[in-house]
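Student: Before anything else, here's the structure in question.
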Amino acid sequence: MVHAYVTSKTGNYDILKELAKENRKTMTAAESFLWGYIRNKKL
């Protein structure tokens with residue numbers, strides 16, 4: 001069985017990179033809740 005990597009078109013890279021950067025800046029409600037528990041050592 002041979003596995004191949006599937007990649008996006010090179011033009012999409014810049015768009016995906018910006019979206020990834022934006023997603024790292026803003027947390028979802030679940031992430032915020034989880035990190036709150038981790039910070040308070042309740043997990």
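Ligands are numbered from 1 in the order shown, residues from 1 within each chain, and chains are lettered A, B, ... in the order they appear in the structure tokens.
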Considering only helix (DSSP H, G or I) as DSSP defines it on the backbone, what residues of chain A qualify? List them as a PyMOL selection string.

Tutor: chain A and resi 10-25+29-39

Student: Atom CA of A:Met27 to atom CA of A:Thr10: how many Å, to one decimal?

Tutor: 27.4 Å

Student: Quick one, how far is atom CA of A:Thr7 from atom CA of A:Ala20?

Tutor: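 Result for atom CA of A:Thr7 versus atom CA of A:Ala20: 16.1 Å, one decimal.
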
Student: Kindly give the distance, in Å, that separates atom CA of A:Arg24 and atom CA of A:Lys42, rounded to a single decimal.

Tutor: 23.7 Å
